[in-house]
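Q: Just passing along the structure, written as structure tokens.
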Protein chains: 2
Amino acid sequence: MTFYEKLEQHQQKLSRLSHLSAICGWDQAAMMPAGGNEARSEAMAELAVMHHELATAPHLAEWFEQAEAESLTKEQAVSLKEMKRGWQMSNLLPADLVEEKSLAGSKCEHAWRSQRNDNNWHAFSKNLEKVVELSRQEAQIRAEATGLSRYDALLDIYEPVMTTKELDQLFSDVKSWLPSLIQQVQEKQQSEAVLTPAGPFPVEQQKALSLEVMTKLGFDFNHGRLDVSVHPFCGGVPTDVRITTRYDEEDFTSALMGVIHETGHARYEQGLPAQWRGLPVGEARSMGVHESQSLFFEMQLSRSETFIDLLAPLASDAFDRRNDPALSSNNLTLFNTRVKPGYIRVDADEVTYPAHVILRYEIERDLIEGNIEVADIPELWDKKMTEYLGLSTRCNYTDGCMQDIHWTDGSFGYFPSYTLGAMYAAQFMAAMHKEMNVENLIRERNLSPIFNWLDRHVWKKASTVSTDQLLIDATGERLNAKYFKQHLIDRYLK
Amino acid sequence: MTFYEKLEQHQQKLSRLSHLSAICGWDQAAMMPAGGNEARSEAMAELAVMHHELATAPHLAEWFEQAEAESLTKEQAVSLKEMKRGWQMSNLLPADLVEEKSLAGSKCEHAWRSQRNDNNWHAFSKNLEKVVELSRQEAQIRAEATGLSRYDALLDIYEPVMTTKELDQLFSDVKSWLPSLIQQVQEKQQSEAVLTPAGPFPVEQQKALSLEVMTKLGFDFNHGRLDVSVHPFCGGVPTDVRITTRYDEEDFTSALMGVIHETGHARYEQGLPAQWRGLPVGEARSMGVHESQSLFFEMQLSRSETFIDLLAPLASDAFDRRNDPALSSNNLTLFNTRVKPGYIRVDADEVTYPAHVILRYEIERDLIEGNIEVADIPELWDKKMTEYLGLSTRCNYTDGCMQDIHWTDGSFGYFPSYTLGAMYAAQFMAAMHKEMNVENLIRERNLSPIFNWLDRHVWKKASTVSTDQLLIDATGERLNAKYFKQHLIDRYLK
């Protein structure tokens with residue numbers, strides 16, 4: 001057996017442990033009764049330790065060295081590179097820093113749950129300072145190992161190859177037109193009469209509708225399920241993708257759009273190439289590309305007028321409300337494209353969402369680079385919210401800088417993925433439009449060509465090429481904000 | 001840290017891996033879509049390998065030796081003994097025999113699924129011969145290590161301390177009165193007019209009824225769930241017990257009695273002592289004792305006239321059939337205590353069930369000891385079925401010796417547990433009767449004293465004492481068949 005083959009075998013073993021972790025994690029969120037949590041957490045922590053021990057086994061250094069000297073096919077060389085990236089990532093941090101950061105994150109997050117309700121920035125910031133301190137240490141170690149800047153080294157975990165330099169360019173482009181675009185959209189929408197669909201929408205009917213729409217979107221139920229959890233997510237493994245949602249009997253559109261979003265994630269996972277299964281090269285490329293698929297399904301596809309023409313009658317039938325004007329295609333289109341600046345990112349619409357992300361990016365970048373301190377956050381937050389969305393968060397920490405979970409557990413570098421995903425999605429759709437008449441296909445209920453395009457250009461590529469290359473191969477150019485801008489103008493100002 | 005403490009820590013680690021295996025195994029049976037099976041089986045096999053490696057780590061021999069020389073509390077000494085029993089069991093068999101037997105079992109079982117339908121004994125027996133050959137090898141190795149006879153050494157896996165000698169005594173006692181008792185019951189029941197409850201009984205209503213009855217039986221939903229699977233079982237872990245059932249819209253009693261049965265298993269698991277969690281001494285004592293709890297709930301308790309007085313109105317309400325005479329307490333009592341000899345063990349009633357088990361015991365005992373060969377099975381099966389139940393299985397392998405899965409996968413020594421469980425249960429109930437008026441408690445809807453008795457005498461004992469001692473402590477005497485006989489006479493002939 002060659003060393004490359006040994007490494008593949010080793011990687012399959014790691015992948016099988018990740019499989020168990022994914023299923024038990026899904027179960028914890030979607031099935032487990034509360035009383036099972038303590039023993040489950042212990043069992044999953046044990047598995048994480050075993051995974052880490054296996055991933056950092058001392059003999060691997062030699063295996064990688066030997067494998068790199070072997071004569072490999074082009075595909076094997078790429079696979080080896082991705083295996084090595086993962087191995088280096090696993091080995092980078094000293095175990096005590098990982099543990100200390102994990103404990104500080106748990107402590108900060110646990111306290112945050114009540115502190116957020118109490119608007120208690122003072123107490124929260126003490127815990128957050130510790131998390132930031134340890135995240136800076138992590139960033140420093142990663143920066144030294146990779147030659148990247150500190151924040152870029154964290155960004156690299158979620159969005160390999162992406163840099164502060166590129167993000168600054170992309171986001172300053174967005175900032176140059178977004179505030180005025182938001183204003184124009186609001187002015188335009190002022191005169192629109194929109195009906196809010198009135199509940200109750202029984203959970204069983206919402207579930208049936210969700211399953212029907214998932215089927216139309218090509219979700220493979222032989223390799224996945226839909227269930228319920230407090231925080232919707234896409235989990236499981238490519239051969240068995242578990243998506244979840246949360247039903248609100250007063251508003252069926254939130255679960256429906258959520259299910260469509262997770263279906264986008266799920267189809268990416270289900271569409272990953274079987275021949276690379278269990279290897280890093282066969283995994284999704286990045287968080288941003290993953291988000292591009294969920295946003296392609298939710299935003300590009302499902303909030304379009306043509307697609308809502310398809311959805312509306314399904315909803316009317318599901319709820320037996322064939323004459324409800326609030327469920328008409330026209331009204332649902334208006335309802336699902338309302339734009340209104342708000343405090344809360346997760347409730348934001350497609351147009352204002354980037355403002356929330358850019359604000360967080362700018363703050364976390366400066367925080368990790370050491371240009372600002374935790375104490376500076378509230379003022380910066382207020383200033384940027386006012387500038388980008390015209391809303392002040394002065395003294396309102398609950399709906400300001402204490403609203404997200406990402407910083408409390410030290411996931412700095414994650415936020416940009418959301419808006420990168422939105423831009424990738426818009427650029428994919430623009431490229432797709434050059435090859436086919438997407439609206440006509442939707443009207444003809446012939447969605448396969450759309451999914452086949454994504455399958456060919458994104459899903460089957462997995463991690464065989466860099467994100468940059470993936471974008472160039474699929475769209476003919478590098479990532480830029482102009483397709484996203486044009487998409488917003490087309491949908492919201494025409 | 002003492003060596004005893006090191007062993008405890010090691011055992012907790014094994015227990016956490018078992019936790020993951022239990023949850024992923026439950027998921028595989030109750031949740032997983034078919035397409036997920038291959039990757040799941042691989043992941044679970046990997047976990048089994050890691051568990052085995054950990055359980056047989058070479059340094060453990062020294063740890064056990066050192067721990068045995070340490071000064072231990074009485075409880076620690078018992079705990080150490082049970083840890084050592086598990087360790088010795090894990091180390092006994094050479095890895096290649098385990099693998100060969102596993103492969104032969106899988107092959108035999110896979111082919112059996114179609115061979116059984118085709119009544120193809122000839123083809124099946126070839127595969128079974130291989131399984132028997134390997135099981136004999138296993139028995140030989142276990143016999144040499146333990147000093148037991150070959151069959152006793154297999155019995156010891158499921159029912160420690162139980163022997164062929166004791167089983168022969170118990171079962172010859174049962175055989176001396178069971179056939180005539182079956183005949184008398186049938187004669188008595190001939191004149192009874194019983195209505196078969198007529199479906200459909202919608203699944204949702206059956207589920208609601210199941211949950212209600214589980215609640216009345218003290219199932220702790222903070223530490224467990226009820227779901228659906230093809231073959232009902234009780235899985236999960238003590239802090240999160242997963243029971244399953246299968247609903248038949250034509251017959252609600254099968255799922256209801258099945259749920260009650262699994263609730264008995266579940267309460268044993270949920271009632272195991274928290275201070276020994278994760279250690280062998282804190283686990284259920286044996287398969288037979290486990291079955292005693294499910295049969296106590298299903299047979300002793302729930303098929304009694306008094307308990308059906310409690311169940312019947314719940315069923316009438318659940319199905320909105322308050323005036324259906326088939327759902328009256330009187331009719332449901334008759335319906336749930338019908339006795340009729342049949343070919344199939346899993347469909348057998350309480351009275352004829354032991355005949356099925358004794359037949360299998362006698363054949364597998366002689367097969368493992370080498371007194372008979374696979375080719376002898378059909379004739380022996382036919383002879384014994386005719387003798388015990390008056391039914392011939394000549395040339396009918398499908399409903400004869402090919403009906404069970406146990407031999408196909410090499411689980412010789414398991415069958416006696418079923419009837420041992422029935423006897424333990426009857427003996428427990430008789431002892432309980434000396435302390436309290438069980439019928440009155442049920443009439444008063446005050447079931448706690450019943451469960452408290454089981455908790456004190458069985459659940460909280462876990463594996464701290466031998467099964468023999470457990471019986472003596474709980475009932476004042478060793479296991480014997482007279483309480484089971486008396487129970488059958490009281491219920492079926494009075």
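Just so we're on the same page: first chain in the structure tokens is A, next is B, and so on; residues restart at 1 for each chain, and ligands are numbered from 1 in the order they show up.
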Could you give me, as a VMD selection string, the residues within 9 Å of Glu212 in chain B, counting only C-alpha atoms and dropping anything in the same chain fewer than 5 positions from it?

A: chain B and resid 207 217 314

Q: Select, as an MDAnalysis selection string, those residues of chain A with any atom no more than 7 Å from chain B (distances computed using only C-alpha atoms).

A: chainID A and resid 16:17 19:20 23:24 33:36 43 46 221:224 239:240

Q: Pull all heavy atoms from the residues just selected and write them as a compact mmCIF listing (two decimals), in the first residue's frame.

A:
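Here's the written file selection-v4.txt:
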```txt
# COMPACT_ATOMS: atom_id res chain seq x y z
N ARG A 16 -15.59 8.48 9.20
CA ARG A 16 -16.60 7.64 9.87
C ARG A 16 -16.88 8.15 11.28
O ARG A 16 -18.03 8.13 11.73
CB ARG A 16 -16.13 6.19 9.88
CG ARG A 16 -16.13 5.60 8.49
CD ARG A 16 -15.85 4.11 8.48
NE ARG A 16 -15.65 3.70 7.09
CZ ARG A 16 -14.52 3.18 6.61
NH1 ARG A 16 -13.48 2.98 7.40
NH2 ARG A 16 -14.43 2.86 5.33
N LEU A 17 -15.85 8.63 11.96
CA LEU A 17 -16.09 9.21 13.28
C LEU A 17 -16.92 10.49 13.15
O LEU A 17 -17.82 10.75 13.95
CB LEU A 17 -14.77 9.50 14.00
CG LEU A 17 -13.88 8.29 14.31
CD1 LEU A 17 -12.78 8.69 15.29
CD2 LEU A 17 -14.69 7.15 14.90
N HIS A 19 -19.08 11.03 10.88
CA HIS A 19 -20.44 10.55 10.59
C HIS A 19 -21.20 10.34 11.91
O HIS A 19 -22.32 10.85 12.09
CB HIS A 19 -20.34 9.24 9.80
CG HIS A 19 -21.65 8.57 9.48
ND1 HIS A 19 -21.95 8.10 8.22
CD2 HIS A 19 -22.74 8.29 10.23
CE1 HIS A 19 -23.15 7.56 8.24
NE2 HIS A 19 -23.66 7.66 9.45
N LEU A 20 -20.59 9.62 12.84
CA LEU A 20 -21.25 9.34 14.12
C LEU A 20 -21.54 10.64 14.86
O LEU A 20 -22.60 10.82 15.46
CB LEU A 20 -20.35 8.44 14.98
CG LEU A 20 -20.00 7.09 14.36
CD1 LEU A 20 -18.86 6.43 15.14
CD2 LEU A 20 -21.21 6.17 14.31
N ILE A 23 -24.55 12.48 13.22
CA ILE A 23 -25.86 11.89 13.51
C ILE A 23 -26.23 12.12 14.97
O ILE A 23 -27.36 12.51 15.29
CB ILE A 23 -25.88 10.39 13.14
CG1 ILE A 23 -25.68 10.20 11.63
CG2 ILE A 23 -27.19 9.73 13.60
CD1 ILE A 23 -26.72 10.88 10.75
N CYS A 24 -25.28 11.92 15.87
CA CYS A 24 -25.59 12.13 17.29
C CYS A 24 -25.82 13.62 17.58
O CYS A 24 -26.61 13.96 18.46
CB CYS A 24 -24.48 11.57 18.18
SG CYS A 24 -24.49 9.76 18.20
N PRO A 33 -34.51 13.91 24.28
CA PRO A 33 -35.16 14.59 25.40
C PRO A 33 -34.10 15.29 26.26
O PRO A 33 -32.95 14.85 26.29
CB PRO A 33 -35.83 13.45 26.17
CG PRO A 33 -35.03 12.24 25.82
CD PRO A 33 -34.52 12.45 24.42
N ALA A 34 -34.52 16.36 26.93
CA ALA A 34 -33.57 17.20 27.66
C ALA A 34 -32.70 16.42 28.65
O ALA A 34 -31.51 16.68 28.78
CB ALA A 34 -34.32 18.32 28.40
N GLY A 35 -33.30 15.44 29.30
CA GLY A 35 -32.57 14.69 30.32
C GLY A 35 -31.41 13.88 29.80
O GLY A 35 -30.57 13.41 30.57
N GLY A 36 -31.36 13.71 28.47
CA GLY A 36 -30.26 12.93 27.89
C GLY A 36 -29.01 13.75 27.62
O GLY A 36 -27.99 13.22 27.20
N ALA A 43 -20.40 11.88 25.78
CA ALA A 43 -20.08 10.90 24.74
C ALA A 43 -19.53 11.59 23.50
O ALA A 43 -18.56 11.13 22.87
CB ALA A 43 -21.33 10.08 24.38
N GLU A 46 -16.00 12.80 24.11
CA GLU A 46 -15.07 11.66 24.01
C GLU A 46 -14.74 11.38 22.55
O GLU A 46 -13.58 11.13 22.18
CB GLU A 46 -15.73 10.42 24.65
CG GLU A 46 -14.81 9.24 24.83
CD GLU A 46 -13.83 9.46 25.96
OE1 GLU A 46 -14.28 9.69 27.09
OE2 GLU A 46 -12.60 9.43 25.70
N PHE A 221 -35.08 12.00 -0.77
CA PHE A 221 -35.53 11.47 0.52
C PHE A 221 -35.00 10.06 0.80
O PHE A 221 -35.19 9.55 1.90
CB PHE A 221 -37.06 11.50 0.62
CG PHE A 221 -37.60 12.88 0.84
CD1 PHE A 221 -38.04 13.66 -0.22
CD2 PHE A 221 -37.63 13.41 2.12
CE1 PHE A 221 -38.51 14.94 -0.01
CE2 PHE A 221 -38.11 14.69 2.34
CZ PHE A 221 -38.56 15.46 1.28
N ASN A 222 -34.37 9.47 -0.18
CA ASN A 222 -33.68 8.21 0.09
C ASN A 222 -32.34 8.47 0.80
O ASN A 222 -31.72 7.57 1.33
CB ASN A 222 -33.44 7.43 -1.21
CG ASN A 222 -32.92 6.03 -0.94
OD1 ASN A 222 -33.36 5.36 0.00
ND2 ASN A 222 -31.98 5.57 -1.77
N HIS A 223 -31.93 9.73 0.77
CA HIS A 223 -30.67 10.11 1.41
C HIS A 223 -30.85 11.35 2.28
O HIS A 223 -30.01 12.25 2.29
CB HIS A 223 -29.58 10.36 0.36
CG HIS A 223 -29.15 9.13 -0.35
ND1 HIS A 223 -29.58 8.81 -1.60
CD2 HIS A 223 -28.35 8.11 0.04
CE1 HIS A 223 -29.04 7.65 -1.97
NE2 HIS A 223 -28.30 7.21 -1.00
N GLY A 224 -31.97 11.40 3.00
CA GLY A 224 -32.15 12.55 3.88
C GLY A 224 -33.54 12.63 4.48
O GLY A 224 -34.44 11.88 4.07
N THR A 239 -24.66 11.06 2.43
CA THR A 239 -25.57 9.96 2.08
C THR A 239 -26.84 9.99 2.92
O THR A 239 -27.73 9.16 2.72
CB THR A 239 -24.90 8.59 2.30
OG1 THR A 239 -24.36 8.56 3.64
CG2 THR A 239 -23.78 8.37 1.30
N ASP A 240 -26.93 10.92 3.84
CA ASP A 240 -28.06 10.94 4.77
C ASP A 240 -28.14 12.34 5.39
O ASP A 240 -27.77 12.55 6.55
CB ASP A 240 -27.86 9.87 5.85
CG ASP A 240 -29.05 9.73 6.79
OD1 ASP A 240 -30.04 10.45 6.60
OD2 ASP A 240 -28.96 8.91 7.71
```

Q: So that I can check the surroundings of range 130-132 of chain B, please list as a PyMOL selection string every protein, DNA and RNA residue that reaches within 10 Å of it, counting only C-alpha atoms and ignoring chain neighbours fewer than 3 positions away.

A: chain B and resi 100-108+125-127+135-138+364+367-368+370+373-374+407-412

Q: Write out as a short mmCIF file (atom, residue, chain, number, x, y, z; two decimals) with N, CA and C atoms, in the first residue's frame which residues come within 9 Å of Leu359 in chain B when counting only C-alpha atoms, dropping same-chain ones fewer than 5 positions away.

A:
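selection24.cif, freshly written:
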```cif
data_model
loop_
_atom_site.label_atom_id
_atom_site.label_comp_id
_atom_site.auth_asym_id
_atom_site.auth_seq_id
_atom_site.Cartn_x
_atom_site.Cartn_y
_atom_site.Cartn_z
N PRO B 354 -43.84 -20.82 26.38
CA PRO B 354 -42.72 -21.63 26.92
C PRO B 354 -42.46 -22.88 26.09
N GLU B 364 -30.97 -26.52 20.50
CA GLU B 364 -29.70 -25.79 20.42
C GLU B 364 -28.68 -26.33 21.42
N LEU B 380 -36.60 -33.22 14.54
CA LEU B 380 -36.77 -32.95 15.97
C LEU B 380 -37.81 -31.86 16.20
N TRP B 381 -37.76 -30.84 15.35
CA TRP B 381 -38.72 -29.73 15.48
C TRP B 381 -40.15 -30.24 15.35
N LYS B 384 -41.16 -32.41 18.42
CA LYS B 384 -41.39 -31.65 19.65
C LYS B 384 -42.63 -30.75 19.53
N MET B 385 -42.82 -30.15 18.35
CA MET B 385 -44.02 -29.32 18.16
C MET B 385 -45.28 -30.18 18.32
N TYR B 388 -45.48 -31.05 22.19
CA TYR B 388 -45.79 -29.96 23.12
C TYR B 388 -47.06 -29.18 22.75
#
```

Q: For Thr2 in chain B, find every residue with an atom within 10 Å (counting only C-alpha atoms), except residues of its own chain fewer than 3 positions away, and show them as an NGL selection string.

A: :B and (5-8 or 63 or 66-67 or 70-71)

Q: Selected residues, N, CA and C atoms, written as a PDB file, in the first residue's frame, please.

A:
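Produced file again-v5.pdb, reproduced below:
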```pdb
ATOM      1  N   GLU B   5      -9.345   3.128  40.004  1.00  0.00           N
ATOM      2  CA  GLU B   5      -9.892   4.368  39.420  1.00  0.00           C
ATOM      3  C   GLU B   5      -9.570   4.476  37.931  1.00  0.00           C
ATOM      4  N   LYS B   6      -8.359   4.053  37.575  1.00  0.00           N
ATOM      5  CA  LYS B   6      -8.003   4.051  36.149  1.00  0.00           C
ATOM      6  C   LYS B   6      -8.946   3.162  35.355  1.00  0.00           C
ATOM      7  N   LEU B   7      -9.264   2.008  35.941  1.00  0.00           N
ATOM      8  CA  LEU B   7     -10.168   1.084  35.255  1.00  0.00           C
ATOM      9  C   LEU B   7     -11.567   1.679  35.124  1.00  0.00           C
ATOM     10  N   GLU B   8     -12.003   2.371  36.154  1.00  0.00           N
ATOM     11  CA  GLU B   8     -13.315   3.030  36.083  1.00  0.00           C
ATOM     12  C   GLU B   8     -13.337   4.053  34.951  1.00  0.00           C
ATOM     13  N   TRP B  63      -3.355  -3.613  34.828  1.00  0.00           N
ATOM     14  CA  TRP B  63      -4.265  -2.779  35.625  1.00  0.00           C
ATOM     15  C   TRP B  63      -5.179  -3.646  36.503  1.00  0.00           C
ATOM     16  N   GLN B  66      -3.112  -5.186  39.326  1.00  0.00           N
ATOM     17  CA  GLN B  66      -2.799  -4.180  40.344  1.00  0.00           C
ATOM     18  C   GLN B  66      -4.041  -3.788  41.139  1.00  0.00           C
ATOM     19  N   ALA B  67      -5.135  -3.628  40.439  1.00  0.00           N
ATOM     20  CA  ALA B  67      -6.370  -3.193  41.114  1.00  0.00           C
ATOM     21  C   ALA B  67      -6.831  -4.245  42.110  1.00  0.00           C
ATOM     22  N   GLU B  70      -5.276  -3.844  45.343  1.00  0.00           N
ATOM     23  CA  GLU B  70      -5.557  -2.610  46.091  1.00  0.00           C
ATOM     24  C   GLU B  70      -6.620  -2.855  47.159  1.00  0.00           C
ATOM     25  N   SER B  71      -6.635  -1.963  48.158  1.00  0.00           N
ATOM     26  CA  SER B  71      -7.686  -2.124  49.161  1.00  0.00           C
ATOM     27  C   SER B  71      -8.930  -1.401  48.653  1.00  0.00           C
TER      28      SER B  71
END
```

Q: Based on the backbone DSSP call, show me all residues of range 392-470 of chain B assigned helix (DSSP H, G or I), as a PyMOL selection string.

A: chain B and resi 416-435+438-443+448-459+467-470

Q: Which polymer residues have any atom within 10 Å of an atom of Asn336 in chain A, counting only C-alpha atoms, with same-chain residues fewer than 2 positions away left out, as an NGL selection string?

A: :A and (194 or 253-254 or 257 or 299 or 302-305 or 308 or 331-334 or 338-339 or 349-350)
